[in-house]
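Below is protein-v1.cif, which holds mmCIF, C-alpha atoms.
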```cif
data_work
loop_
_atom_site.label_atom_id
_atom_site.label_comp_id
_atom_site.auth_asym_id
_atom_site.auth_seq_id
_atom_site.Cartn_x
_atom_site.Cartn_y
_atom_site.Cartn_z
CA MET A 1 7.43 -19.03 -13.31
CA GLY A 2 3.81 -17.93 -13.34
CA VAL A 3 3.16 -18.58 -9.65
CA ALA A 4 6.36 -16.75 -8.63
CA TRP A 5 5.60 -13.82 -10.94
CA GLY A 6 2.09 -13.62 -9.51
CA LEU A 7 3.54 -13.35 -5.99
CA SER A 8 5.77 -10.45 -7.07
CA PHE A 9 2.76 -8.08 -7.24
CA SER A 10 1.96 -8.68 -3.58
CA LEU A 11 5.62 -8.35 -2.61
CA ALA A 12 5.84 -5.09 -4.57
CA LYS A 13 2.87 -3.76 -2.63
CA ILE A 14 4.47 -4.81 0.66
CA ALA A 15 7.76 -3.12 -0.27
CA VAL A 16 6.18 0.24 -1.04
CA ASN A 17 3.88 -0.06 1.97
CA TYR A 18 7.05 -0.11 4.10
CA GLY A 19 7.87 3.29 2.60
CA ALA A 20 10.53 2.20 0.10
CA PRO A 21 10.56 4.58 -2.92
CA PRO A 22 9.53 2.76 -6.14
CA MET A 23 12.54 3.89 -8.17
CA GLY A 24 14.88 2.86 -5.38
CA VAL A 25 13.25 -0.57 -5.14
CA THR A 26 13.54 -1.01 -8.91
CA LEU A 27 17.25 -0.18 -8.71
CA TRP A 28 17.91 -2.60 -5.85
CA GLN A 29 15.96 -5.31 -7.64
CA SER A 30 18.25 -5.00 -10.67
CA ILE A 31 21.38 -4.82 -8.49
CA LEU A 32 20.56 -7.97 -6.53
CA SER A 33 19.19 -9.90 -9.52
CA GLY A 34 22.28 -8.96 -11.54
CA LEU A 35 24.62 -10.13 -8.78
CA PHE A 36 22.81 -13.46 -8.41
CA LEU A 37 22.97 -14.02 -12.17
CA LEU A 38 26.63 -12.97 -12.25
CA VAL A 39 27.46 -15.73 -9.76
CA ILE A 40 25.54 -18.27 -11.86
CA SER A 41 27.28 -17.07 -15.03
CA ALA A 42 30.67 -17.44 -13.34
CA LEU A 43 29.87 -20.92 -12.06
CA PHE A 44 28.95 -22.07 -15.56
CA LYS A 45 31.81 -20.06 -17.11
CA LYS A 46 29.53 -17.94 -19.29
CA ARG A 47 31.13 -15.07 -21.19
CA LEU A 48 29.30 -11.79 -20.57
CA TRP A 49 30.72 -9.62 -23.35
CA GLN A 50 29.12 -10.61 -26.66
CA GLY A 51 29.70 -7.50 -28.76
CA LEU A 52 27.92 -4.20 -29.36
CA LYS A 53 24.89 -5.76 -31.05
CA PHE A 54 24.30 -7.96 -28.02
CA LEU A 55 24.77 -4.93 -25.77
CA GLY A 56 22.09 -3.08 -27.73
CA LEU A 57 19.64 -5.95 -27.25
CA CYS A 58 20.33 -6.00 -23.52
CA ALA A 59 19.87 -2.23 -23.31
CA PHE A 60 16.46 -2.56 -24.94
CA ILE A 61 15.51 -5.32 -22.49
CA ALA A 62 16.77 -3.21 -19.58
CA VAL A 63 14.55 -0.28 -20.54
CA CYS A 64 11.42 -2.12 -21.70
CA GLY A 65 11.62 -5.12 -19.39
CA TYR A 66 13.12 -3.82 -16.16
CA ILE A 67 13.18 -0.06 -15.76
CA ILE A 68 9.88 1.21 -17.19
CA PRO A 69 7.56 -1.65 -16.13
CA GLY A 70 9.32 -1.96 -12.76
CA ILE A 71 8.86 1.70 -11.86
CA ILE A 72 5.28 1.70 -13.19
CA TYR A 73 4.20 -1.34 -11.18
CA TYR A 74 5.86 -0.17 -7.96
CA TYR A 75 4.19 3.24 -8.19
CA ALA A 76 0.85 1.63 -9.09
CA ALA A 77 1.16 -0.85 -6.20
CA VAL A 78 0.66 2.00 -3.74
CA HIS A 79 -2.81 2.69 -5.13
CA VAL A 80 -4.02 -0.58 -6.70
CA GLN A 81 -4.86 -3.96 -5.19
CA ALA A 82 -2.24 -6.63 -5.94
CA GLY A 83 -4.86 -8.88 -7.56
CA ILE A 84 -5.98 -6.18 -9.98
CA LEU A 85 -2.36 -5.42 -10.87
CA SER A 86 -1.92 -9.07 -11.79
CA ILE A 87 -4.99 -8.92 -14.05
CA THR A 88 -3.34 -6.19 -16.12
CA ILE A 89 -0.43 -8.52 -16.90
CA THR A 90 -2.85 -10.65 -18.94
CA LEU A 91 -2.71 -7.88 -21.52
CA VAL A 92 0.84 -8.94 -22.43
CA PRO A 93 -0.09 -11.77 -24.85
CA LEU A 94 -3.01 -9.76 -26.22
CA LEU A 95 -0.78 -6.77 -26.90
CA THR A 96 1.97 -9.05 -28.21
CA TYR A 97 -0.45 -10.21 -30.87
CA GLY A 98 -1.67 -6.66 -31.49
CA PHE A 99 1.86 -5.33 -31.98
CA SER A 100 2.77 -8.31 -34.18
CA ILE A 101 0.14 -7.46 -36.81
CA PRO A 102 1.60 -4.14 -38.09
CA LEU A 103 5.07 -5.72 -37.90
CA ARG A 104 3.76 -8.56 -40.10
CA LEU A 105 4.79 -11.18 -37.59
CA GLU A 106 1.17 -12.32 -37.22
CA LYS A 107 -1.85 -12.22 -39.53
CA PRO A 108 -5.14 -10.75 -38.29
CA THR A 109 -7.95 -13.27 -37.89
CA PHE A 110 -11.51 -12.75 -36.72
CA LYS A 111 -11.08 -15.07 -33.74
CA ARG A 112 -7.92 -13.47 -32.43
CA MET A 113 -9.07 -9.91 -33.12
CA THR A 114 -12.12 -10.77 -31.00
CA GLY A 115 -9.68 -11.75 -28.29
CA LEU A 116 -8.09 -8.30 -28.45
CA ILE A 117 -11.52 -6.68 -28.15
CA LEU A 118 -12.34 -8.82 -25.10
CA GLY A 119 -9.04 -7.81 -23.50
CA THR A 120 -9.91 -4.14 -23.94
CA ALA A 121 -13.43 -4.77 -22.61
CA ALA A 122 -11.97 -6.48 -19.54
CA ILE A 123 -10.03 -3.37 -18.56
CA LEU A 124 -13.07 -1.19 -19.18
CA LEU A 125 -15.11 -3.45 -16.88
CA ILE A 126 -12.71 -2.54 -14.09
CA VAL A 127 -12.36 1.19 -14.66
CA ILE A 128 -15.84 2.28 -15.86
CA PRO A 129 -18.59 0.73 -13.65
CA GLN A 130 -19.29 2.55 -10.41
CA GLY A 131 -18.45 0.35 -7.44
CA SER A 132 -16.01 -1.80 -9.39
CA LEU A 133 -13.08 -0.59 -7.28
CA PRO A 134 -12.84 0.15 -3.55
CA ASP A 135 -11.21 3.50 -4.44
CA PRO A 136 -12.05 5.14 -7.81
CA SER A 137 -8.83 7.17 -7.58
CA ALA A 138 -6.99 3.94 -8.51
CA ILE A 139 -8.28 4.12 -12.10
CA PRO A 140 -5.37 6.21 -13.55
CA TRP A 141 -2.91 3.84 -11.89
CA ILE A 142 -4.61 0.81 -13.43
CA LEU A 143 -4.31 2.41 -16.86
CA LEU A 144 -0.65 3.15 -16.11
CA ALA A 145 -0.13 -0.53 -15.21
CA CYS A 146 -1.59 -1.41 -18.63
CA LEU A 147 1.18 0.71 -20.15
CA GLY A 148 3.70 -1.45 -18.27
CA SER A 149 2.18 -4.52 -19.92
CA ALA A 150 2.60 -2.85 -23.31
CA PHE A 151 6.34 -2.53 -22.71
CA TYR A 152 6.56 -6.19 -21.72
CA ALA A 153 4.79 -7.12 -24.97
CA LEU A 154 7.12 -4.97 -27.07
CA GLU A 155 10.12 -6.48 -25.33
CA SER A 156 9.01 -10.07 -25.97
CA ILE A 157 8.67 -9.39 -29.69
CA ILE A 158 12.18 -7.93 -29.90
CA ILE A 159 13.68 -10.85 -27.96
CA SER A 160 12.01 -13.31 -30.30
CA ALA A 161 13.13 -11.45 -33.41
CA LYS A 162 16.65 -10.37 -32.42
CA MET A 163 17.99 -12.84 -29.86
CA PRO A 164 20.12 -15.66 -31.36
CA MET A 165 19.00 -19.19 -30.46
CA GLU A 166 22.43 -20.04 -29.05
CA GLN A 167 22.40 -17.07 -26.67
CA SER A 168 22.23 -17.88 -22.95
CA PRO A 169 19.14 -16.42 -21.21
CA VAL A 170 21.16 -16.21 -17.97
CA VAL A 171 23.78 -14.00 -19.63
CA VAL A 172 21.11 -11.83 -21.29
CA ALA A 173 19.26 -11.33 -18.01
CA CYS A 174 22.52 -10.65 -16.12
CA VAL A 175 23.83 -8.02 -18.54
CA SER A 176 20.36 -6.44 -18.90
CA ASN A 177 20.10 -6.02 -15.13
CA PHE A 178 23.48 -4.30 -14.90
CA ILE A 179 22.63 -2.00 -17.80
CA ALA A 180 19.41 -1.14 -15.96
CA VAL A 181 21.52 -0.24 -12.92
CA ILE A 182 23.78 1.99 -15.03
CA LEU A 183 20.85 3.77 -16.71
CA LEU A 184 18.60 4.06 -13.66
CA GLY A 185 21.27 4.72 -11.01
CA PRO A 186 21.93 8.40 -11.83
CA ILE A 187 18.20 9.12 -11.94
CA VAL A 188 17.60 7.45 -8.58
CA PHE A 189 20.51 9.29 -6.94
CA GLY A 190 19.63 12.58 -8.60
CA THR A 191 16.02 12.49 -7.43
CA GLY A 192 16.88 11.42 -3.89
CA ASN A 193 15.18 8.04 -4.22
CA PHE A 194 18.18 5.93 -3.27
CA PHE A 195 18.23 4.18 0.09
CA ILE A 196 20.60 1.82 1.87
CA LEU A 197 19.52 -1.73 2.67
CA ASN A 198 20.00 -2.33 6.39
CA TRP A 199 21.99 -5.33 7.58
CA PRO A 200 20.75 -7.59 8.96
CA LEU A 201 17.89 -7.09 6.55
CA ASP A 202 14.76 -5.51 8.00
CA SER A 203 11.26 -6.37 6.76
CA ALA A 204 11.49 -4.12 3.70
CA GLY A 205 14.93 -5.50 2.84
CA ARG A 206 13.71 -9.09 3.03
CA VAL A 207 10.81 -8.29 0.74
CA ILE A 208 13.13 -6.58 -1.77
CA LEU A 209 15.44 -9.61 -1.62
CA GLY A 210 12.45 -11.87 -2.31
CA VAL A 211 11.34 -9.76 -5.27
CA SER A 212 14.90 -9.84 -6.64
CA VAL A 213 15.09 -13.64 -6.44
CA ILE A 214 11.71 -13.94 -8.15
CA SER A 215 12.81 -11.47 -10.83
CA MET A 216 16.01 -13.43 -11.43
CA LEU A 217 14.27 -16.79 -11.74
CA ALA A 218 11.07 -15.77 -13.52
CA TYR A 219 12.67 -13.38 -15.96
CA THR A 220 15.46 -15.78 -16.97
CA LEU A 221 12.87 -18.50 -17.55
CA TYR A 222 10.71 -16.05 -19.50
CA ILE A 223 13.59 -15.23 -21.87
CA TYR A 224 14.32 -18.95 -22.20
CA VAL A 225 10.72 -19.75 -23.17
CA ILE A 226 10.55 -16.84 -25.62
CA LYS A 227 13.74 -18.07 -27.26
CA HIS A 228 12.57 -21.67 -27.60
CA SER A 229 8.81 -21.30 -28.11
CA GLY A 230 8.16 -17.75 -29.32
CA PRO A 231 6.75 -14.62 -27.65
CA LEU A 232 3.07 -15.52 -27.97
CA PHE A 233 3.49 -18.93 -26.37
CA ALA A 234 5.71 -17.52 -23.62
CA SER A 235 3.30 -14.73 -22.81
CA GLN A 236 0.60 -17.30 -22.07
CA THR A 237 2.17 -17.66 -18.65
CA SER A 238 -0.12 -14.69 -17.99
CA TYR A 239 -2.90 -17.23 -17.30
CA ILE A 240 -1.01 -18.45 -14.23
CA VAL A 241 0.43 -15.05 -13.31
CA THR A 242 -3.04 -13.52 -13.22
CA LEU A 243 -4.81 -16.28 -11.34
CA SER A 244 -2.02 -16.75 -8.82
CA GLY A 245 -1.65 -12.99 -8.42
CA VAL A 246 -5.33 -12.62 -7.57
CA PHE A 247 -5.22 -15.41 -5.01
CA TRP A 248 -1.87 -14.26 -3.54
CA GLY A 249 -3.49 -10.85 -2.97
CA MET A 250 -6.48 -12.48 -1.27
CA ALA A 251 -4.25 -14.67 0.90
CA ILE A 252 -1.75 -11.98 1.94
CA PHE A 253 -3.88 -8.83 2.11
CA GLY A 254 -7.36 -10.29 2.45
CA GLU A 255 -8.34 -8.50 -0.75
CA VAL A 256 -12.02 -8.67 -1.69
CA HIS A 257 -13.04 -7.95 -5.27
CA SER A 258 -16.34 -6.74 -6.69
CA ASN A 259 -18.37 -8.77 -9.18
CA TRP A 260 -17.14 -6.41 -11.90
CA VAL A 261 -13.55 -7.40 -11.23
CA TRP A 262 -14.39 -11.13 -11.40
CA ILE A 263 -16.30 -10.57 -14.66
CA SER A 264 -13.28 -8.65 -15.96
CA LEU A 265 -10.99 -11.54 -15.03
CA ILE A 266 -13.17 -14.05 -16.86
CA THR A 267 -13.42 -11.74 -19.89
CA MET A 268 -9.66 -11.24 -19.96
CA LEU A 269 -8.97 -14.98 -19.79
CA ALA A 270 -11.54 -15.58 -22.56
CA GLY A 271 -9.75 -13.02 -24.73
CA LEU A 272 -6.44 -14.69 -24.00
CA ALA A 273 -7.87 -18.07 -25.00
CA LEU A 274 -8.96 -16.65 -28.36
CA VAL A 275 -5.52 -15.15 -29.03
CA THR A 276 -3.75 -18.43 -28.20
CA PRO A 277 -2.35 -19.89 -31.45
CA ARG A 278 -3.47 -23.29 -32.65
CA LYS A 279 -1.14 -26.04 -31.55
CA ASP A 280 -0.34 -27.17 -35.07
CA LEU A 281 0.62 -23.64 -36.15
CA GLU A 282 2.75 -23.07 -33.06
CA GLU A 283 4.60 -26.36 -33.57
CA LYS A 284 5.13 -25.55 -37.26
CA ARG A 285 6.55 -22.15 -36.36
CA ILE A 286 8.93 -23.67 -33.79
#
```
Entire entry expressed as structure tokens:
Amino acid sequence: MGVAWGLSFSLAKIAVNYGAPPMGVTLWQSILSGLFLLVISALFKKRLWQGLKFLGLCAFIAVCGYIIPGIIYYYAAVHVQAGILSITITLVPLLTYGFSIPLRLEKPTFKRMTGLILGTAAILLIVIPQGSLPDPSAIPWILLACLGSAFYALESIIISAKMPMEQSPVVVACVSNFIAVILLGPIVFGTGNFFILNWPLDSAGRVILGVSVISMLAYTLYIYVIKHSGPLFASQTSYIVTLSGVFWGMAIFGEVHSNWVWISLITMLAGLALVTPRKDLEEKRI
């Protein structure tokens, strides 16, 4: 899941580099992912309609997990290196813990609060020092990507708190994708951001197909892990997402990062390590 998710940042950058509008790509990603999951649901005879309460949960996931972060990351991908985008995803577990404190889902401890501080410092190490980025104009887009991570964190908490254990992650992801299509479709059409995928698929179409497959697999697995192991444990996939995202960017685009970025990466991972719950507490909670 982490390696595939890490690749998605590079694929997102490729898609927008081909000129595909970010909102249009986000819409197609939900359409294709939803269709793939619909086929899987049909094969395993999963019932999609689960009542209004279930529909509300899926609507929340659609907005906070698909629409807002998707649009944010596609717009940011135009201006920010894929590796740096993947570093921002490490904020998800840190923010998950931060949001959990006022909701009384987690208790503040010195060690884990230090982790939050290190996570903040890691972002500042990217955006403040001169020479940290090849193009300083990317700074607002990096901060916007951090906002996308905040929505992922909020979503993981809601899934953990509101999603029944017996609920199928495949069905949740399927319905959430189609709700995202319903909510985002009018906006995309109204703003002129819709485009037709050519057949046979051209380069942009193949990339969008790849992103959709990754979204289907990674996101379904993410919901599954949240359901069975909790949001904090699940969000620790950020270790792999970040590291693989950095190296995917180097392999595909030949990205070169400054020393500040590498220091930021180390600082972020150190903060994540401090936020990680003790094994005995996590097992007790499960």
Using only C-alpha atoms, the residue out of A:Leu272, A:Ile71, A:Leu201, A:Cys174 with shortest distance to A:Leu217 is A:Cys174
Within 7 Å of A:Lys46 using only C-alpha atoms, minus same-chain residues under 3 positions, as a list in words = Ser41, Ala42 and Val171 of chain A
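Shortest atom-to-atom contact with A:Ile158 among A:Gly65, A:Gly249, A:Gly115, A:Pro186: A:Gly65, counting all atoms listed in the file.
Residues matched by the PyMOL selection byres ((chain A and resi 48-51) around 10) in this structure: A:Leu38, A:Ser41, A:Ala42, A:Lys45, A:Lys46, A:Arg47, A:Leu52, A:Lys53, A:Phe54, A:Leu55, A:Gly56, A:Gln167, A:Ser168, A:Val170, A:Val171, A:Val172, A:Cys174, A:Val175.
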Nearest residue to A:Asp202 from the set A:Pro93, A:Gly6, A:Ala20, A:Ala218 (distances using all atoms listed in the file) = A:Ala20
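We find atom CA of A:Ile208 and atom CA of A:Ile142 to be spaced 22.5 Å apart.
Closest approach to A:Gly34 among A:Ala234, A:Leu143, A:Ser86, A:Tyr219 is made by A:Tyr219 (distances from only C-alpha atoms).
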For A:Phe99, list every protein, DNA or RNA residue within 12 Å, evaluated using only C-alpha atoms, and leave out those in the same chain fewer than 6 positions away; present the list as a PDB file with C-alpha atoms, in the coordinates of the input.
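Wrote result28.pdb, looks like this:
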```
ATOM      1  CA  LEU A  91      -2.710  -7.880 -21.520  1.00  0.00           C
ATOM      2  CA  VAL A  92       0.840  -8.940 -22.430  1.00  0.00           C
ATOM      3  CA  PRO A  93      -0.090 -11.770 -24.850  1.00  0.00           C
ATOM      4  CA  LEU A 105       4.790 -11.180 -37.590  1.00  0.00           C
ATOM      5  CA  GLU A 106       1.170 -12.320 -37.220  1.00  0.00           C
ATOM      6  CA  LYS A 107      -1.850 -12.220 -39.530  1.00  0.00           C
ATOM      7  CA  PRO A 108      -5.140 -10.750 -38.290  1.00  0.00           C
ATOM      8  CA  MET A 113      -9.070  -9.910 -33.120  1.00  0.00           C
ATOM      9  CA  LEU A 116      -8.090  -8.300 -28.450  1.00  0.00           C
ATOM     10  CA  ALA A 150       2.600  -2.850 -23.310  1.00  0.00           C
ATOM     11  CA  PHE A 151       6.340  -2.530 -22.710  1.00  0.00           C
ATOM     12  CA  TYR A 152       6.560  -6.190 -21.720  1.00  0.00           C
ATOM     13  CA  ALA A 153       4.790  -7.120 -24.970  1.00  0.00           C
ATOM     14  CA  LEU A 154       7.120  -4.970 -27.070  1.00  0.00           C
ATOM     15  CA  GLU A 155      10.120  -6.480 -25.330  1.00  0.00           C
ATOM     16  CA  SER A 156       9.010 -10.070 -25.970  1.00  0.00           C
ATOM     17  CA  ILE A 157       8.670  -9.390 -29.690  1.00  0.00           C
ATOM     18  CA  ILE A 158      12.180  -7.930 -29.900  1.00  0.00           C
ATOM     19  CA  PRO A 231       6.750 -14.620 -27.650  1.00  0.00           C
ATOM     20  CA  LEU A 232       3.070 -15.520 -27.970  1.00  0.00           C
TER      21      LEU A 232
END
```
Please determine the residues with any atom at most 12 Å from (-4.2, 3.7, -15.1) (coordinates as given in the file, with only C-alpha atoms counting) and report them as a PyMOL selection string.
-> chain A and resi 72-73+75-77+79-80+84-85+88+123-124+126-128+136-149
Leaving out A:Ala15 and any residue of its chain fewer than 4 positions from it, which residues lie within 8 Å of it when counting all atoms listed in the file, given as JSON, numbers by chain?
-> {"A": [11, 19, 20, 25, 204, 207, 208]}
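Note that atom CA of A:Ser176 and atom CA of A:Leu35 are 11.6 Å apart.
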Hits of the PyMOL selection byres ((chain A and resi 268) around 7) in this structure, as a short mmCIF file (atom, residue, chain, number, x, y, z; two decimals) with C-alpha atoms, keeping the file's coordinate frame:
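And here's selection-v4.cif as it stands now:
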```
data_model
loop_
_atom_site.label_atom_id
_atom_site.label_comp_id
_atom_site.auth_asym_id
_atom_site.auth_seq_id
_atom_site.Cartn_x
_atom_site.Cartn_y
_atom_site.Cartn_z
CA THR A 90 -2.85 -10.65 -18.94
CA LEU A 118 -12.34 -8.82 -25.10
CA GLY A 119 -9.04 -7.81 -23.50
CA ALA A 122 -11.97 -6.48 -19.54
CA SER A 264 -13.28 -8.65 -15.96
CA LEU A 265 -10.99 -11.54 -15.03
CA ILE A 266 -13.17 -14.05 -16.86
CA THR A 267 -13.42 -11.74 -19.89
CA LEU A 269 -8.97 -14.98 -19.79
CA ALA A 270 -11.54 -15.58 -22.56
CA GLY A 271 -9.75 -13.02 -24.73
CA LEU A 272 -6.44 -14.69 -24.00
#
```
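Applied to the shown file, the PyMOL selection byres ((chain A and resi 254-261) around 9) selects the residues Gln81, Ala82, Gly83, Ile84, Ala122, Leu125, Ile126, Pro129, Gly131, Ser132, Leu133, Pro134, Val246, Phe247, Gly249, Met250, Ala251, Ile252, Phe253, Trp262, Ile263, Ser264, Leu265 and Ile266 of chain A.
The nearest approach to A:Ser238 among the residues A:Gly210, A:Gly205, A:Gly2, A:Pro21, with all atoms listed in the file taken into account, belongs to A:Gly2.
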Pick out the closest residue to A:Lys227 from this set: A:Ile196, A:Ile89, A:Met165, A:Val241. Count all atoms listed in the file.
-> A:Met165
Repaired coordinates for stretch 72-103 of chain A (N, CA and C atoms) as a PDB file, in the coordinates of the input:
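Heads up, here's the output in part14.pdb:
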```
ATOM      1  N   ILE A  72       6.741   1.557 -13.043  1.00  0.00           N
ATOM      2  CA  ILE A  72       5.280   1.700 -13.190  1.00  0.00           C
ATOM      3  C   ILE A  72       4.548   0.840 -12.166  1.00  0.00           C
ATOM      4  N   TYR A  73       4.931  -0.430 -12.068  1.00  0.00           N
ATOM      5  CA  TYR A  73       4.200  -1.340 -11.180  1.00  0.00           C
ATOM      6  C   TYR A  73       4.429  -1.004  -9.713  1.00  0.00           C
ATOM      7  N   TYR A  74       5.625  -0.539  -9.358  1.00  0.00           N
ATOM      8  CA  TYR A  74       5.860  -0.170  -7.960  1.00  0.00           C
ATOM      9  C   TYR A  74       5.070   1.082  -7.580  1.00  0.00           C
ATOM     10  N   TYR A  75       4.993   2.055  -8.480  1.00  0.00           N
ATOM     11  CA  TYR A  75       4.190   3.240  -8.190  1.00  0.00           C
ATOM     12  C   TYR A  75       2.698   2.877  -8.132  1.00  0.00           C
ATOM     13  N   ALA A  76       2.260   2.026  -9.061  1.00  0.00           N
ATOM     14  CA  ALA A  76       0.850   1.630  -9.090  1.00  0.00           C
ATOM     15  C   ALA A  76       0.478   0.802  -7.869  1.00  0.00           C
ATOM     16  N   ALA A  77       1.439   0.032  -7.340  1.00  0.00           N
ATOM     17  CA  ALA A  77       1.160  -0.850  -6.200  1.00  0.00           C
ATOM     18  C   ALA A  77       0.712  -0.087  -4.965  1.00  0.00           C
ATOM     19  N   VAL A  78       1.092   1.180  -4.878  1.00  0.00           N
ATOM     20  CA  VAL A  78       0.660   2.000  -3.740  1.00  0.00           C
ATOM     21  C   VAL A  78      -0.845   2.206  -3.775  1.00  0.00           C
ATOM     22  N   HIS A  79      -1.416   2.274  -4.967  1.00  0.00           N
ATOM     23  CA  HIS A  79      -2.810   2.690  -5.130  1.00  0.00           C
ATOM     24  C   HIS A  79      -3.744   1.557  -5.572  1.00  0.00           C
ATOM     25  N   VAL A  80      -3.199   0.465  -6.087  1.00  0.00           N
ATOM     26  CA  VAL A  80      -4.020  -0.580  -6.700  1.00  0.00           C
ATOM     27  C   VAL A  80      -3.848  -1.901  -5.959  1.00  0.00           C
ATOM     28  N   GLN A  81      -4.937  -2.642  -5.818  1.00  0.00           N
ATOM     29  CA  GLN A  81      -4.860  -3.960  -5.190  1.00  0.00           C
ATOM     30  C   GLN A  81      -3.928  -4.876  -6.000  1.00  0.00           C
ATOM     31  N   ALA A  82      -3.198  -5.743  -5.284  1.00  0.00           N
ATOM     32  CA  ALA A  82      -2.240  -6.630  -5.940  1.00  0.00           C
ATOM     33  C   ALA A  82      -2.934  -7.540  -6.964  1.00  0.00           C
ATOM     34  N   GLY A  83      -4.128  -8.000  -6.638  1.00  0.00           N
ATOM     35  CA  GLY A  83      -4.860  -8.880  -7.560  1.00  0.00           C
ATOM     36  C   GLY A  83      -5.220  -8.187  -8.854  1.00  0.00           C
ATOM     37  N   ILE A  84      -5.624  -6.921  -8.771  1.00  0.00           N
ATOM     38  CA  ILE A  84      -5.980  -6.180  -9.980  1.00  0.00           C
ATOM     39  C   ILE A  84      -4.731  -5.883 -10.803  1.00  0.00           C
ATOM     40  N   LEU A  85      -3.615  -5.601 -10.139  1.00  0.00           N
ATOM     41  CA  LEU A  85      -2.360  -5.420 -10.870  1.00  0.00           C
ATOM     42  C   LEU A  85      -2.018  -6.668 -11.680  1.00  0.00           C
ATOM     43  N   SER A  86      -2.242  -7.827 -11.088  1.00  0.00           N
ATOM     44  CA  SER A  86      -1.920  -9.070 -11.790  1.00  0.00           C
ATOM     45  C   SER A  86      -2.854  -9.308 -12.975  1.00  0.00           C
ATOM     46  N   ILE A  87      -4.071  -8.780 -12.910  1.00  0.00           N
ATOM     47  CA  ILE A  87      -4.990  -8.920 -14.050  1.00  0.00           C
ATOM     48  C   ILE A  87      -4.453  -8.146 -15.248  1.00  0.00           C
ATOM     49  N   THR A  88      -3.843  -6.993 -14.999  1.00  0.00           N
ATOM     50  CA  THR A  88      -3.340  -6.190 -16.120  1.00  0.00           C
ATOM     51  C   THR A  88      -2.225  -6.906 -16.877  1.00  0.00           C
ATOM     52  N   ILE A  89      -1.522  -7.824 -16.228  1.00  0.00           N
ATOM     53  CA  ILE A  89      -0.430  -8.520 -16.900  1.00  0.00           C
ATOM     54  C   ILE A  89      -0.957  -9.447 -17.989  1.00  0.00           C
ATOM     55  N   THR A  90      -2.253  -9.803 -17.909  1.00  0.00           N
ATOM     56  CA  THR A  90      -2.850 -10.650 -18.940  1.00  0.00           C
ATOM     57  C   THR A  90      -2.895  -9.946 -20.284  1.00  0.00           C
ATOM     58  N   LEU A  91      -2.748  -8.627 -20.259  1.00  0.00           N
ATOM     59  CA  LEU A  91      -2.710  -7.880 -21.520  1.00  0.00           C
ATOM     60  C   LEU A  91      -1.468  -8.184 -22.341  1.00  0.00           C
ATOM     61  N   VAL A  92      -0.426  -8.736 -21.711  1.00  0.00           N
ATOM     62  CA  VAL A  92       0.840  -8.940 -22.430  1.00  0.00           C
ATOM     63  C   VAL A  92       0.660  -9.787 -23.689  1.00  0.00           C
ATOM     64  N   PRO A  93       0.073 -11.002 -23.610  1.00  0.00           N
ATOM     65  CA  PRO A  93      -0.090 -11.770 -24.850  1.00  0.00           C
ATOM     66  C   PRO A  93      -1.048 -11.115 -25.837  1.00  0.00           C
ATOM     67  N   LEU A  94      -2.081 -10.433 -25.329  1.00  0.00           N
ATOM     68  CA  LEU A  94      -3.010  -9.760 -26.220  1.00  0.00           C
ATOM     69  C   LEU A  94      -2.311  -8.636 -26.978  1.00  0.00           C
ATOM     70  N   LEU A  95      -1.515  -7.854 -26.255  1.00  0.00           N
ATOM     71  CA  LEU A  95      -0.780  -6.770 -26.900  1.00  0.00           C
ATOM     72  C   LEU A  95       0.357  -7.297 -27.766  1.00  0.00           C
ATOM     73  N   THR A  96       0.945  -8.429 -27.372  1.00  0.00           N
ATOM     74  CA  THR A  96       1.970  -9.050 -28.210  1.00  0.00           C
ATOM     75  C   THR A  96       1.402  -9.363 -29.587  1.00  0.00           C
ATOM     76  N   TYR A  97       0.208  -9.918 -29.591  1.00  0.00           N
ATOM     77  CA  TYR A  97      -0.450 -10.210 -30.870  1.00  0.00           C
ATOM     78  C   TYR A  97      -0.793  -8.914 -31.603  1.00  0.00           C
ATOM     79  N   GLY A  98      -1.305  -7.921 -30.859  1.00  0.00           N
ATOM     80  CA  GLY A  98      -1.670  -6.660 -31.490  1.00  0.00           C
ATOM     81  C   GLY A  98      -0.486  -5.954 -32.122  1.00  0.00           C
ATOM     82  N   PHE A  99       0.654  -5.947 -31.438  1.00  0.00           N
ATOM     83  CA  PHE A  99       1.860  -5.330 -31.980  1.00  0.00           C
ATOM     84  C   PHE A  99       2.428  -6.129 -33.149  1.00  0.00           C
ATOM     85  N   SER A 100       2.202  -7.443 -33.141  1.00  0.00           N
ATOM     86  CA  SER A 100       2.770  -8.310 -34.180  1.00  0.00           C
ATOM     87  C   SER A 100       2.115  -8.100 -35.538  1.00  0.00           C
ATOM     88  N   ILE A 101       0.872  -7.621 -35.538  1.00  0.00           N
ATOM     89  CA  ILE A 101       0.140  -7.460 -36.810  1.00  0.00           C
ATOM     90  C   ILE A 101       0.776  -6.392 -37.694  1.00  0.00           C
ATOM     91  N   PRO A 102       0.974  -5.153 -37.203  1.00  0.00           N
ATOM     92  CA  PRO A 102       1.600  -4.140 -38.090  1.00  0.00           C
ATOM     93  C   PRO A 102       3.046  -4.487 -38.437  1.00  0.00           C
ATOM     94  N   LEU A 103       3.694  -5.298 -37.605  1.00  0.00           N
ATOM     95  CA  LEU A 103       5.070  -5.720 -37.900  1.00  0.00           C
ATOM     96  C   LEU A 103       5.103  -6.926 -38.833  1.00  0.00           C
TER      97      LEU A 103
END
```
